[in-house]
Structures are given as C-alpha cells and as structure tokens.
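work_0.csv follows (CSV, C-alpha atoms and all ligand atoms):
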chain,number,residue,atom,x,y,z
B,1,MET,CA,8.5,-31.8,3.5
B,2,MET,CA,7.4,-28.5,5.2
B,3,ASN,CA,5.7,-29.0,8.5
B,4,GLY,CA,5.0,-32.6,7.7
B,5,VAL,CA,2.6,-31.5,4.9
B,6,LEU,CA,2.4,-33.7,1.8
B,7,PRO,CA,4.7,-32.7,-1.0
B,8,LEU,CA,3.4,-30.7,-4.0
B,9,GLY,CA,1.1,-32.7,-6.3
B,10,ALA,CA,0.1,-35.2,-3.6
B,11,ASN,CA,-3.2,-36.8,-4.7
B,12,GLN,CA,-6.3,-37.1,-2.7
B,13,SER,CA,-6.1,-40.7,-1.7
B,14,SER,CA,-2.6,-40.3,-0.2
B,15,ALA,CA,-3.9,-37.2,1.5
B,16,ASN,CA,-6.7,-39.1,3.2
B,17,SER,CA,-4.2,-41.5,4.7
B,18,ASN,CA,-2.3,-38.6,6.1
B,19,PRO,CA,-4.9,-35.9,7.1
B,20,THR,CA,-3.7,-32.4,7.5
B,21,GLY,CA,-3.5,-31.3,11.2
B,22,ILE,CA,-5.5,-28.2,11.7
B,23,ALA,CA,-5.6,-25.8,14.7
B,24,VAL,CA,-8.4,-23.2,15.1
B,25,ILE,CA,-7.5,-20.0,17.0
B,26,GLY,CA,-10.6,-18.2,18.3
B,27,CYS,CA,-13.6,-20.5,18.7
B,28,GLY,CA,-16.6,-18.1,19.2
B,29,TYR,CA,-19.7,-18.2,17.0
B,30,TRP,CA,-17.9,-18.7,13.7
B,31,GLY,CA,-14.8,-20.6,14.8
B,32,MET,CA,-17.0,-23.5,16.0
B,33,ASN,CA,-18.1,-24.1,12.4
B,34,TYR,CA,-14.5,-24.5,11.4
B,35,VAL,CA,-13.9,-27.1,14.1
B,36,ARG,CA,-17.0,-29.0,13.0
B,37,ILE,CA,-16.1,-29.0,9.3
B,38,PHE,CA,-12.4,-29.8,9.6
B,39,ASN,CA,-13.4,-32.6,11.9
B,40,GLU,CA,-15.9,-33.9,9.3
B,41,LEU,CA,-13.6,-33.8,6.3
B,42,THR,CA,-11.5,-36.9,5.7
B,43,GLU,CA,-8.6,-34.8,4.4
B,44,SER,CA,-8.1,-33.1,7.8
B,45,ARG,CA,-8.2,-33.6,11.5
B,46,VAL,CA,-8.6,-30.9,14.2
B,47,ALA,CA,-5.4,-31.2,16.2
B,48,ALA,CA,-5.9,-28.2,18.5
B,49,VAL,CA,-8.2,-25.4,19.5
B,50,CYS,CA,-7.0,-22.2,21.1
B,51,GLU,CA,-9.6,-20.0,22.7
B,52,GLN,CA,-9.2,-17.3,25.4
B,53,SER,CA,-12.6,-17.8,26.9
B,54,PRO,CA,-12.9,-20.7,29.4
B,55,GLU,CA,-16.7,-21.0,28.7
B,56,ARG,CA,-16.1,-21.4,25.0
B,57,LEU,CA,-13.4,-23.9,25.6
B,58,LYS,CA,-15.8,-25.9,27.8
B,59,GLU,CA,-18.3,-25.9,24.9
B,60,VAL,CA,-15.6,-27.1,22.5
B,61,ALA,CA,-14.6,-29.9,24.9
B,62,ARG,CA,-18.3,-31.0,25.2
B,63,ARG,CA,-18.7,-31.2,21.4
B,64,PHE,CA,-15.2,-32.4,20.4
B,65,PRO,CA,-13.8,-34.4,23.4
B,66,ASN,CA,-10.7,-35.6,21.6
B,67,VAL,CA,-9.3,-32.2,20.6
B,68,TYR,CA,-6.3,-30.7,22.4
B,69,LEU,CA,-7.5,-27.4,24.0
B,70,THR,CA,-5.5,-24.4,25.2
B,71,THR,CA,-5.8,-20.7,25.8
B,72,GLN,CA,-2.2,-20.0,24.6
B,73,ILE,CA,-1.1,-19.7,21.0
B,74,ASP,CA,2.4,-20.9,22.0
B,75,ASP,CA,0.9,-24.2,22.9
B,76,VAL,CA,-0.5,-24.5,19.4
B,77,LEU,CA,2.9,-23.8,17.9
B,78,SER,CA,4.5,-26.5,20.0
B,79,GLN,CA,2.1,-29.2,18.7
B,80,PRO,CA,4.0,-31.2,16.1
B,81,ASP,CA,0.9,-32.3,14.3
B,82,VAL,CA,-0.5,-28.8,13.6
B,83,HIS,CA,0.4,-28.0,10.0
B,84,ALA,CA,-2.2,-25.4,9.1
B,85,VAL,CA,-4.1,-22.9,11.3
B,86,VAL,CA,-7.4,-21.0,11.0
B,87,VAL,CA,-7.5,-17.5,12.6
B,88,CYS,CA,-11.0,-16.8,13.6
B,89,THR,CA,-10.6,-14.2,16.3
B,90,GLU,CA,-12.0,-10.6,16.1
B,91,ALA,CA,-10.8,-8.6,13.1
B,92,SER,CA,-8.6,-6.2,15.1
B,93,SER,CA,-6.5,-9.1,16.3
B,94,HIS,CA,-6.0,-10.9,13.0
B,95,TYR,CA,-2.7,-9.3,12.1
B,96,ASN,CA,-0.9,-10.0,15.4
B,97,VAL,CA,-2.1,-13.6,15.6
B,98,ALA,CA,-1.5,-14.3,11.9
B,99,ARG,CA,2.0,-12.8,12.0
B,100,ARG,CA,3.1,-15.2,14.8
B,101,LEU,CA,1.7,-18.2,13.0
B,102,LEU,CA,3.2,-17.4,9.6
B,103,SER,CA,6.6,-16.7,11.3
B,104,ALA,CA,6.4,-20.2,12.7
B,105,GLY,CA,5.9,-21.6,9.1
B,106,LYS,CA,2.2,-22.5,9.5
B,107,HIS,CA,-0.2,-22.4,6.5
B,108,LEU,CA,-2.9,-19.9,7.3
B,109,LEU,CA,-6.6,-19.3,6.7
B,110,VAL,CA,-7.5,-15.9,8.2
B,111,GLU,CA,-11.1,-14.8,8.5
B,112,LYS,CA,-12.3,-11.6,6.8
B,113,PRO,CA,-11.3,-8.8,6.9
B,114,LEU,CA,-7.7,-10.1,6.5
B,115,THR,CA,-6.3,-7.2,8.5
B,116,THR,CA,-7.4,-3.7,9.5
B,117,THR,CA,-4.7,-1.9,7.4
B,118,SER,CA,-3.4,-2.7,3.9
B,119,ARG,CA,0.2,-2.3,5.2
B,120,ASP,CA,-0.4,-5.2,7.7
B,121,ALA,CA,-1.9,-7.2,4.8
B,122,GLU,CA,1.2,-6.6,2.7
B,123,ASN,CA,3.3,-7.7,5.6
B,124,LEU,CA,1.4,-11.0,5.9
B,125,ILE,CA,1.7,-11.6,2.2
B,126,GLU,CA,5.4,-11.1,2.4
B,127,LEU,CA,5.8,-13.4,5.4
B,128,ALA,CA,3.8,-16.1,3.8
B,129,ASP,CA,5.9,-15.9,0.6
B,130,SER,CA,9.1,-15.9,2.6
B,131,HIS,CA,8.1,-19.1,4.4
B,132,SER,CA,6.5,-20.7,1.3
B,133,VAL,CA,3.2,-21.3,3.1
B,134,THR,CA,-0.4,-20.7,2.0
B,135,LEU,CA,-2.1,-17.5,3.0
B,136,MET,CA,-5.9,-17.5,2.4
B,137,VAL,CA,-8.7,-15.3,3.5
B,138,GLY,CA,-12.2,-16.4,4.5
B,139,HIS,CA,-14.2,-14.7,1.7
B,140,THR,CA,-16.8,-17.4,2.1
B,141,PHE,CA,-19.2,-16.1,-0.5
B,142,ILE,CA,-16.6,-16.8,-3.2
B,143,PHE,CA,-17.2,-20.5,-2.4
B,144,ASN,CA,-21.0,-20.2,-2.5
B,145,ALA,CA,-22.4,-22.3,-5.4
B,146,GLY,CA,-25.0,-19.6,-6.1
B,147,ILE,CA,-22.3,-16.9,-6.5
B,148,ARG,CA,-20.3,-19.3,-8.8
B,149,LYS,CA,-23.4,-19.6,-10.9
B,150,VAL,CA,-23.9,-15.8,-11.0
B,151,LYS,CA,-20.3,-15.6,-12.3
B,152,GLU,CA,-21.1,-18.0,-15.1
B,153,TYR,CA,-23.9,-15.7,-16.3
B,154,VAL,CA,-21.8,-12.6,-15.8
B,155,LYS,CA,-19.0,-14.0,-17.9
B,156,GLN,CA,-21.2,-15.1,-20.8
B,157,ASP,CA,-20.2,-12.7,-23.5
B,158,THR,CA,-23.8,-12.0,-24.6
B,159,GLY,CA,-24.0,-8.6,-22.9
B,160,ARG,CA,-22.2,-5.8,-21.1
B,161,VAL,CA,-22.3,-5.4,-17.3
B,162,TYR,CA,-24.0,-2.1,-16.5
B,163,TYR,CA,-23.9,-2.1,-12.7
B,164,LEU,CA,-24.1,-4.3,-9.6
B,165,TYR,CA,-25.6,-3.8,-6.1
B,166,ALA,CA,-25.7,-5.7,-2.9
B,167,ARG,CA,-27.7,-5.5,0.4
B,168,ARG,CA,-26.4,-7.1,3.6
B,169,THR,CA,-28.6,-6.2,6.5
B,170,ASN,CA,-29.8,-7.8,9.7
B,171,LEU,CA,-30.3,-7.0,13.4
B,172,GLY,CA,-26.8,-7.6,14.7
B,173,PRO,CA,-24.4,-9.2,15.5
B,174,ILE,CA,-22.9,-5.9,16.6
B,175,ARG,CA,-19.1,-6.0,16.7
B,176,ARG,CA,-17.0,-4.2,19.4
B,177,ASP,CA,-13.9,-3.7,17.4
B,178,VAL,CA,-14.9,-2.7,13.8
B,179,ASN,CA,-17.9,-0.9,12.3
B,180,ALA,CA,-20.6,-2.5,10.2
B,181,LEU,CA,-18.8,-1.6,7.0
B,182,TRP,CA,-15.6,-3.4,8.0
B,183,ASP,CA,-17.6,-6.3,9.3
B,184,LEU,CA,-20.1,-6.8,6.5
B,185,ALA,CA,-18.9,-5.1,3.3
B,186,PRO,CA,-15.8,-7.3,2.9
B,187,HIS,CA,-18.2,-10.1,1.6
B,188,ASP,CA,-19.8,-7.9,-1.1
B,189,ILE,CA,-16.5,-6.2,-2.2
B,190,ALA,CA,-15.0,-9.7,-2.5
B,191,ILE,CA,-18.0,-10.9,-4.5
B,192,PHE,CA,-17.9,-7.9,-6.9
B,193,ASN,CA,-14.1,-8.2,-7.3
B,194,TYR,CA,-14.6,-11.9,-8.1
B,195,LEU,CA,-17.5,-11.4,-10.5
B,196,LEU,CA,-15.7,-8.7,-12.4
B,197,ASP,CA,-12.1,-10.0,-12.1
B,198,ALA,CA,-11.2,-6.5,-11.2
B,199,THR,CA,-10.8,-4.1,-8.2
B,200,PRO,CA,-12.5,-0.7,-7.9
B,201,GLU,CA,-10.8,2.5,-8.9
B,202,TRP,CA,-12.7,4.8,-6.6
B,203,VAL,CA,-15.1,4.7,-3.7
B,204,SER,CA,-17.6,7.0,-2.1
B,205,ALA,CA,-19.2,6.1,1.2
B,206,VAL,CA,-21.4,7.5,3.9
B,207,GLY,CA,-22.2,5.8,7.2
B,208,GLY,CA,-24.4,6.4,10.2
B,209,LYS,CA,-24.1,5.8,13.9
B,210,VAL,CA,-27.9,5.1,14.3
B,211,LEU,CA,-27.5,3.1,17.6
B,212,GLY,CA,-25.6,6.0,19.2
B,213,ASN,CA,-22.3,4.1,19.8
B,214,SER,CA,-18.9,5.1,18.6
B,215,ARG,CA,-19.0,3.0,15.4
B,216,ASP,CA,-21.1,3.2,12.2
B,217,ASP,CA,-23.9,0.7,12.2
B,218,VAL,CA,-25.1,1.4,8.7
B,219,GLY,CA,-23.3,2.2,5.5
B,220,PHE,CA,-23.9,3.1,1.8
B,221,VAL,CA,-21.0,2.5,-0.5
B,222,SER,CA,-20.6,3.3,-4.2
B,223,LEU,CA,-17.7,1.8,-6.1
B,224,GLY,CA,-16.3,2.5,-9.6
B,225,TYR,CA,-14.9,-0.4,-11.4
B,226,PRO,CA,-12.9,-0.2,-14.7
B,227,GLY,CA,-15.0,0.3,-17.8
B,228,ASN,CA,-17.4,2.6,-16.0
B,229,VAL,CA,-19.1,-0.3,-14.2
B,230,LEU,CA,-20.8,1.0,-11.1
B,231,ALA,CA,-21.4,-1.0,-7.9
B,232,HIS,CA,-23.2,-0.2,-4.7
B,233,VAL,CA,-23.4,-1.9,-1.3
B,234,HIS,CA,-25.8,-1.2,1.6
B,235,VAL,CA,-24.8,-2.8,4.9
B,236,SER,CA,-26.5,-2.5,8.3
B,237,TRP,CA,-26.6,-4.4,11.5
B,238,ALA,CA,-29.5,-2.2,12.7
B,239,ASP,CA,-32.1,-3.4,10.2
B,240,PRO,CA,-34.8,-5.9,11.2
B,241,ASP,CA,-35.0,-7.2,7.6
B,242,LYS,CA,-32.3,-9.8,7.1
B,243,ALA,CA,-31.1,-9.6,3.5
B,244,ARG,CA,-28.2,-11.3,1.6
B,245,GLU,CA,-28.7,-10.1,-1.9
B,246,VAL,CA,-26.5,-9.4,-4.9
B,247,VAL,CA,-27.9,-8.1,-8.2
B,248,VAL,CA,-26.0,-7.8,-11.5
B,249,VAL,CA,-27.6,-5.8,-14.3
B,250,LYS,CA,-26.3,-6.5,-17.8
B,251,SER,CA,-27.5,-5.1,-21.1
B,252,ASP,CA,-29.3,-8.4,-21.8
B,253,ARG,CA,-30.3,-9.8,-18.4
B,254,ARG,CA,-30.6,-9.2,-14.7
B,255,ILE,CA,-29.1,-11.8,-12.4
B,256,LEU,CA,-30.4,-12.0,-8.8
B,257,PHE,CA,-28.6,-13.9,-6.0
B,258,ASN,CA,-30.6,-14.2,-2.8
B,259,ASP,CA,-28.8,-16.4,-0.3
B,260,LEU,CA,-31.9,-16.6,1.9
B,261,ASN,CA,-34.0,-18.2,-0.9
B,262,GLY,CA,-33.5,-21.9,-0.4
B,263,VAL,CA,-35.6,-22.8,-3.5
B,264,GLU,CA,-34.4,-20.3,-6.1
B,265,GLN,CA,-31.1,-18.9,-4.9
B,266,VAL,CA,-30.3,-17.5,-8.3
B,267,ARG,CA,-32.8,-16.1,-10.8
B,268,VAL,CA,-32.0,-14.8,-14.2
B,269,PHE,CA,-34.3,-12.3,-16.0
B,270,GLU,CA,-33.6,-12.5,-19.7
B,271,LYS,CA,-34.6,-8.9,-20.3
B,272,GLY,CA,-32.6,-5.8,-20.9
B,273,VAL,CA,-32.2,-2.6,-22.7
B,274,SER,CA,-29.4,-1.6,-24.9
B,275,CYS,CA,-28.4,1.2,-27.3
B,276,VAL,CA,-28.8,0.2,-30.9
B,277,GLU,CA,-25.8,0.9,-33.0
B,278,GLU,CA,-27.5,2.9,-35.7
B,279,GLU,CA,-27.6,6.4,-36.8
B,280,PRO,CA,-29.4,8.5,-34.2
B,281,LEU,CA,-32.8,9.8,-35.2
B,282,ASN,CA,-31.8,13.3,-34.4
B,283,TYR,CA,-28.9,14.9,-32.6
B,284,GLY,CA,-28.7,13.7,-29.0
B,285,GLU,CA,-31.4,11.1,-29.6
B,286,PHE,CA,-30.5,7.4,-29.8
B,287,ARG,CA,-32.4,4.2,-30.5
B,288,PHE,CA,-32.9,1.8,-27.6
B,289,GLN,CA,-33.9,-1.8,-27.9
B,290,ILE,CA,-35.9,-3.4,-25.1
B,291,ARG,CA,-35.4,-7.2,-25.0
B,292,ASP,CA,-38.0,-9.3,-23.2
B,293,GLY,CA,-37.5,-13.0,-22.4
B,294,ASP,CA,-37.7,-15.8,-19.9
B,295,ILE,CA,-37.1,-15.9,-16.2
B,296,ILE,CA,-34.7,-18.8,-15.4
B,297,SER,CA,-34.0,-20.4,-12.1
B,298,PRO,CA,-30.8,-22.5,-12.7
B,299,ARG,CA,-30.0,-25.6,-10.7
B,300,ILE,CA,-27.5,-24.8,-7.9
B,301,GLU,CA,-25.3,-27.5,-6.5
B,302,ALA,CA,-26.2,-28.1,-2.8
B,303,ALA,CA,-22.9,-27.6,-0.9
B,304,GLU,CA,-22.1,-25.8,2.3
B,305,PRO,CA,-20.0,-22.8,1.2
B,306,LEU,CA,-17.7,-22.9,4.3
B,307,LYS,CA,-17.0,-26.6,3.7
B,308,SER,CA,-16.1,-25.8,0.1
B,309,GLN,CA,-13.8,-23.0,1.4
B,310,CYS,CA,-12.1,-25.4,3.8
B,311,ARG,CA,-11.6,-28.1,1.1
B,312,HIS,CA,-10.0,-25.4,-1.1
B,313,PHE,CA,-7.7,-24.4,1.7
B,314,LEU,CA,-6.6,-28.0,2.2
B,315,GLU,CA,-6.0,-28.5,-1.5
B,316,CYS,CA,-3.9,-25.3,-1.6
B,317,VAL,CA,-1.9,-26.4,1.5
B,318,ARG,CA,-1.3,-29.8,-0.1
B,319,THR,CA,-0.5,-28.7,-3.7
B,320,GLY,CA,1.0,-25.2,-3.2
B,321,LYS,CA,-1.8,-23.8,-5.5
B,322,ARG,CA,-2.7,-20.2,-5.0
B,323,PRO,CA,-6.0,-19.8,-3.3
B,324,VAL,CA,-8.9,-18.1,-5.1
B,325,SER,CA,-9.3,-15.9,-2.0
B,326,SER,CA,-5.5,-15.4,-1.6
B,327,GLY,CA,-3.8,-12.9,0.7
B,328,VAL,CA,-3.6,-10.5,-2.3
B,329,ALA,CA,-7.4,-10.8,-2.7
B,330,GLY,CA,-7.7,-10.1,1.1
B,331,ARG,CA,-5.4,-7.1,0.8
B,332,ASP,CA,-7.4,-5.7,-2.2
B,333,VAL,CA,-10.6,-5.8,-0.1
B,334,VAL,CA,-8.8,-4.0,2.8
B,335,ARG,CA,-7.6,-1.3,0.4
B,336,VAL,CA,-11.2,-0.6,-0.5
B,337,LEU,CA,-12.2,-0.6,3.1
B,338,GLU,CA,-9.5,2.0,3.8
B,339,GLY,CA,-10.9,4.0,0.9
B,340,ILE,CA,-14.3,3.8,2.5
B,341,ASN,CA,-12.9,5.2,5.7
B,342,ARG,CA,-11.3,8.1,3.9
B,343,SER,CA,-14.5,8.9,2.0
B,344,MET,CA,-16.6,8.7,5.1
B,345,GLU,CA,-14.3,11.1,6.9
B,346,CYS,CA,-15.0,13.5,4.0
B,347,LYS,CA,-18.8,13.0,4.0
B,348,GLY,CA,-18.9,10.8,1.0
B,349,LEU,CA,-16.2,12.4,-1.2
B,350,GLN,CA,-15.2,10.2,-4.1
B,351,VAL,CA,-11.6,9.0,-3.4
B,352,SER,CA,-9.2,6.9,-5.3
B,353,VAL,CA,-8.7,3.3,-3.9
B,354,GLU,CA,-5.2,2.8,-5.1
B,355,ASP,CA,-3.5,6.1,-4.6
B,356,LYS,CA,-3.5,7.4,-1.0
B,357,ALA,CA,-1.3,10.4,-2.0
B,358,ASP,CA,-4.3,12.2,-3.5
B,359,TYR,CA,-6.2,12.2,-0.2
B,360,VAL,CA,-6.1,14.9,2.4
B,361,HIS,CA,-7.1,13.7,5.9
B,362,PRO,CA,-9.7,16.0,7.4
B,363,ASN,CA,-7.8,16.2,10.7
B,364,VAL,CA,-4.6,17.6,9.4
B,365,GLU,CA,-3.8,21.2,10.3
B,366,ALA,CA,-6.2,23.7,8.7
B,367,ALA,CA,-3.3,25.7,7.2
B,368,GLU,CA,-2.1,22.6,5.3
B,369,ALA,CA,-5.5,21.4,4.2
B,370,PRO,CA,-8.5,23.5,4.9
B,371,GLU,CA,-11.0,20.9,3.9
B,372,CYS,CA,-11.4,17.4,2.5
B,373,SER,CA,-10.3,17.5,-1.1
B,374,LEU,CA,-8.8,15.6,-3.9
B,375,ARG,CA,-5.7,17.3,-5.1
U,1,LIG,N1,-16.9,-15.7,6.6
U,1,LIG,C1,-18.0,-15.5,7.2
U,1,LIG,O1,-19.1,-15.7,6.7
U,1,LIG,C2,-18.0,-15.0,8.7
U,1,LIG,C3,-19.1,-15.1,9.5
U,1,LIG,C4,-19.0,-14.7,10.8
U,1,LIG,C5,-17.8,-14.2,11.3
U,1,LIG,N2,-16.7,-14.1,10.5
U,1,LIG,C6,-15.5,-13.6,11.0
U,1,LIG,O2,-15.0,-14.6,12.0
U,1,LIG,C7,-14.2,-13.9,13.0
U,1,LIG,C8,-14.8,-14.2,14.3
U,1,LIG,O3,-16.2,-13.9,14.4
U,1,LIG,P1,-17.2,-14.5,15.5
U,1,LIG,O4,-18.5,-14.0,15.1
U,1,LIG,O5,-16.9,-15.9,15.7
U,1,LIG,O6,-16.7,-13.6,16.7
U,1,LIG,P2,-16.7,-14.1,18.3
U,1,LIG,O7,-16.5,-12.9,19.1
U,1,LIG,O8,-18.0,-14.9,18.5
U,1,LIG,O9,-15.5,-15.1,18.4
U,1,LIG,C9,-14.1,-14.7,18.5
U,1,LIG,C10,-13.4,-15.5,19.5
U,1,LIG,O10,-12.0,-15.3,19.4
U,1,LIG,C11,-11.5,-15.5,20.8
U,1,LIG,N3,-10.2,-14.9,20.8
U,1,LIG,C12,-9.9,-13.6,20.5
U,1,LIG,N4,-8.5,-13.4,20.6
U,1,LIG,C13,-8.0,-14.6,20.9
U,1,LIG,C14,-6.7,-15.2,21.0
U,1,LIG,N5,-5.6,-14.3,20.9
U,1,LIG,N6,-6.5,-16.5,21.3
U,1,LIG,C15,-7.6,-17.3,21.4
U,1,LIG,N7,-8.8,-16.9,21.2
U,1,LIG,C16,-9.1,-15.6,21.0
U,1,LIG,C17,-12.5,-14.8,21.6
U,1,LIG,O11,-12.5,-15.2,23.0
U,1,LIG,C18,-13.9,-15.2,20.9
U,1,LIG,O12,-14.4,-16.4,21.5
U,1,LIG,C19,-14.3,-12.4,12.6
U,1,LIG,O13,-13.2,-12.0,11.9
U,1,LIG,C20,-15.6,-12.3,11.7
U,1,LIG,O14,-15.5,-11.2,10.8
U,1,LIG,C21,-16.8,-14.5,9.2
Using structure tokens, write down the structure from this file.
Amino acid sequence: MMNGVLPLGANQSSANSNPTGIAVIGCGYWGMNYVRIFNELTESRVAAVCEQSPERLKEVARRFPNVYLTTQIDDVLSQPDVHAVVVCTEASSHYNVARRLLSAGKHLLVEKPLTTTSRDAENLIELADSHSVTLMVGHTFIFNAGIRKVKEYVKQDTGRVYYLYARRTNLGPIRRDVNALWDLAPHDIAIFNYLLDATPEWVSAVGGKVLGNSRDDVGFVSLGYPGNVLAHVHVSWADPDKAREVVVVKSDRRILFNDLNGVEQVRVFEKGVSCVEEEPLNYGEFRFQIRDGDIISPRIEAAEPLKSQCRHFLECVRTGKRPVSSGVAGRDVVRVLEGINRSMECKGLQVSVEDKADYVHPNVEAAEAPECSLR
C-alpha cells in the first residue's frame, strides 16, 4: 500500500471509512477553494496546508481550525497522513514544488499551467511514472458539466466541425509571473483539445502590453487542428467585459457555451450550411444547402466543476486510473503555450507546435538567422 492509500480497485464505501489525507500547498485566492472542497468531501480530509504568507495562514486557521498549518513544504512531507497534495502556488513555482513532492512519492494535482516549459512537464510525468503516483493538472473546465454537454454535441456524428472559438476576458486578476496568455489560455486550449480529442499542429499568436508593464495583457491566438479544423482564443485581463465563452461551429449546428449564463449555460442552434455533394453548376461553383432548425437549451447537471475535478483526482489516486486531465494533457497545453511564445516573438508567424527544430528564435545572431522564419 503506497503512502497508506487504498489499494487498486478499492470501492467507495471502504474509501469513506479511510479518507485520503490531502495537503494544499499555496492557499491564496484559488487554494482556499481546494481546502473547502476536500474538507467537504467524505472521501478526503485536509491534513495540512502550507502557505508562505502568514496573513493567508491566519485566514485558513480562522476558517479551518483543525487543519495542520505550516510555511514549510518539508513539514508537509513529514506528515504521515498526507497521501496526496494539491499544488496551488503561482505558475512559475509549480515545477520546483511539484518535483519535491513527486520525489517523495505523493500523488499530485497541480494547478494550470502544469509548468512553464514542456521539458519540466516531461520531467514531472517521468517522476510520477517512476514513483507510480497520480499526476493530474487542474484543467477545471474539463470537469464543467456544460463543457461535457458541448462534447456530447460535438461528438454526435451528424455533422463536421468547421471551427471553434473562445473568449476569456475580464479586468484582472493580473499575474506577476506569467502573461495573460499563459494564465488564461490554458483553459481554452485544454477545452479545445478535449472537445476534439486532438492537439493543434500549428499556432499563430499576437499579444499586446496595453497596461504598459512587461507582460502581455491581451492575446489573440489561432490554432490549426488536424483535419483543417481552425480554432481561435481571445484572452485579456484588461477588458471590463467579463466573458467565459466557447463556440463550436459545425456543418449542421452551432453550439454555444457561456459559463456566465446560469439559466442557459449551453445553447444549440440547429442550423448550418454545408456543401451538397452534387455536380457543380459550373466550374468553380458549388451548391450549398442552408439548414434551419430549433434552438435547444439542454438541461445541465448542477455541479461545482472544481468539486467534480477533486472527486476525479481522489478516484484516480484510489484506483490508479489515468486522470482525464493527466500530466500528458498538461504537457500538451504547455507545448501550445510555448508555440504561442515563439509565434508572438515573430509577430504572429505560424509555427509548428510539435517540432521546435523548424523555429528560428529572433534573438539569435543575425548572421545565422536574419529574421523569424520557418525553415
Ligand atoms: N483552475 C482554475 O480555474 C484556476 C483559477 C484561479 C487560479 N488558478 C491557478 O491557481 C494557482 C494559484 O492562483 P491564485 O489565484 O490562488 O494565486 P495567489 O497568488 O492568490 O495564491 C498563490 C499562493 O501561493 C503561495 N505560495 C507561493 N509559493 C509557495 C510555497 N513555496 N509554499 C507555500 N505557499 C506558497 C503564495 O503565498 C500565495 O498565497 C495558479 O497556478 C493559477 O493559475 C486556477
């Protein structure tokens, strides 16, 4: 029995008699939600919280008086009842914190983005494999019942996916370690990858430092998925209009997800246009069929996405099942983010996501590479 965790295949009732001990590292705005949820679930108990800020620790102590508190990760590692850990620190520290915990054989749920380089993500995946522990990433929207519903409609084989787009804008919160693209776009890239069961082949991105600091506050990203499926993401933390939208346009319908619409989170427009497979009228002229139909607002299960994510993590820890948002899924998103960086450095040049060898960094010596280019 690794770390006192129930053996593979343990059922829920035995799990509840032996709740999984959780530690949360980093208890700022988002980490507090993890403490609340793992405290509420019968399958888990929060055994420790590690937070560098004494003010935040005081707040945790006020809300959760029975939880062991510390500022040191080593103290968490020495707690015998900590079996699994959530890393909810700033993105730039995920790798170093996660590496220590995986090396100590802890199951891990790391917030998005998993790491700030794909090499670091690979290292974490290897570490988790070598210690036979779960590595999951907090792609919370994959656990959103509305997004799950969208996937049902995307997967119905009635029509072809033409393109997708997403808008994730708000005024703040403004990060100090990563730009708005690394902070916000992981959600939308993870959603697209999940909906299409694929990863993009190329990316083209531009950003803007509209607030005048050193990081991009706004970004526009185009992605090319297999089968010529196009996707687009607009992110901003400098936009007074809060939006959390994803749209999928298929040949026979348009599927709209609006996370801020509490009444109709998903709407399906049963309309579309497709090319009719007939002889063209003339050379270069094709027949198109417009389809008009109902607007459907499907029933969406009322469930807190973060709670569903936490339940899934606990299940994976107990059973050894591979998480839906696995370390590999996290690495795939980080690869796209690296592609975004490379494209932005080249003013929006379309770059391959997979193959870094075809990319010439703009800062290399002029003699070697006079300008950004794809070789
Ligand atoms: N999945 C989602 O929907 C979602 C939403 C919000 C934030 N996030 C992610 O959660 C993470 C945290 O975001 P946040 O908004 O809570 O940020 P935050 O700045 O409010 O909190 C981070 C906390 O981590 C603490 N910390 C940093 N290093 C530490 C260490 N070594 N040991 C102990 N404590 C440490 C800081 O003191 C701070 O309180 C980020 O990765 C962010 O991208 C995810």
Residue among B:Val235, B:Leu230, B:Glu285, B:Arg299 lying closest to B:Glu264, counting only C-alpha atoms: B:Arg299
Proximity check chain B to ligand LIG 1 (chain U), 8 Å, nearest pairs one decimal Å, only C-alpha atoms and all ligand atoms, as a tab-separated table:
residue	atom	partner	partner_atom	distance
B:Ile25	CA	U:LIG1	C15	5.2
B:Gly26	CA	U:LIG1	O10	3.4
B:Cys27	CA	U:LIG1	O12	5.0
B:Gly28	CA	U:LIG1	O9	3.3
B:Tyr29	CA	U:LIG1	O5	3.8
B:Trp30	CA	U:LIG1	O5	3.6
B:Gly31	CA	U:LIG1	O5	5.2
B:Met32	CA	U:LIG1	O5	7.6
B:Cys50	CA	U:LIG1	C15	4.9
B:Glu51	CA	U:LIG1	N7	3.5
B:Gln52	CA	U:LIG1	N7	4.2
B:Ser53	CA	U:LIG1	O11	4.7
B:Arg56	CA	U:LIG1	O12	6.3
B:Thr71	CA	U:LIG1	C15	5.8
B:Gln72	CA	U:LIG1	N6	6.5
B:Ile73	CA	U:LIG1	N6	6.3
B:Val87	CA	U:LIG1	C7	7.6
B:Cys88	CA	U:LIG1	C7	4.4
B:Thr89	CA	U:LIG1	O10	3.6
B:Glu90	CA	U:LIG1	C19	4.6
B:Ala91	CA	U:LIG1	O13	4.3
B:Ser93	CA	U:LIG1	N4	6.4
B:His94	CA	U:LIG1	O13	7.4
B:Val97	CA	U:LIG1	N5	6.4
B:Val110	CA	U:LIG1	O13	7.8
B:Glu111	CA	U:LIG1	O13	4.9
B:Lys112	CA	U:LIG1	O14	5.1
B:Pro113	CA	U:LIG1	O14	6.2
B:Leu114	CA	U:LIG1	O13	7.9
B:Gly138	CA	U:LIG1	N1	5.2
B:His139	CA	U:LIG1	N1	5.7
B:Thr140	CA	U:LIG1	N1	4.8
B:Phe141	CA	U:LIG1	O1	7.2
B:Pro173	CA	U:LIG1	O4	7.6
B:Arg175	CA	U:LIG1	O7	7.8
B:Asp183	CA	U:LIG1	O14	5.5
B:Leu184	CA	U:LIG1	O14	7.7
B:His187	CA	U:LIG1	N1	7.6
B:Leu306	CA	U:LIG1	N1	7.6
Residues within 6 Å of stretch 119-135 of chain B, only C-alpha atoms, excluding chain neighbours under 6 positions, as a VMD selection string: chain B and resid 102 105 107 to 108 317 327 331
Expected residue set, 10 Å radius at (-23.7, 0.3, -18.6), all atoms listed in the file, as a PyMOL selection string: chain B and resi 159-163+227-230+249-251+273-275
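In this structure, atom CA of B:Val86 sits 23.9 Å away from atom CA of B:Gly172.
Taking all atoms listed in the file, the non-local environment of B:Ser326 within 6 Å (same-chain residues fewer than 3 positions away omitted) comprises Met136, Pro323 and Ala329 of chain B.
Remark: for B:Glu270, the closest of the candidate residues B:Asp81, B:Val76, B:Arg311, B:Tyr153 is B:Tyr153 (distances computed over all atoms listed in the file).
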Distance criterion (all atoms listed in the file): nearest to B:Val336 out of B:Gln79, B:Asn33, B:Asn258, B:Ser352: B:Ser352
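Comparing the minimum interatomic distances between B:Glu245 and each of B:Asn170, B:Thr115, B:Ser297, B:Asn66, counting all atoms listed in the file, we find that B:Asn170 sits nearest.
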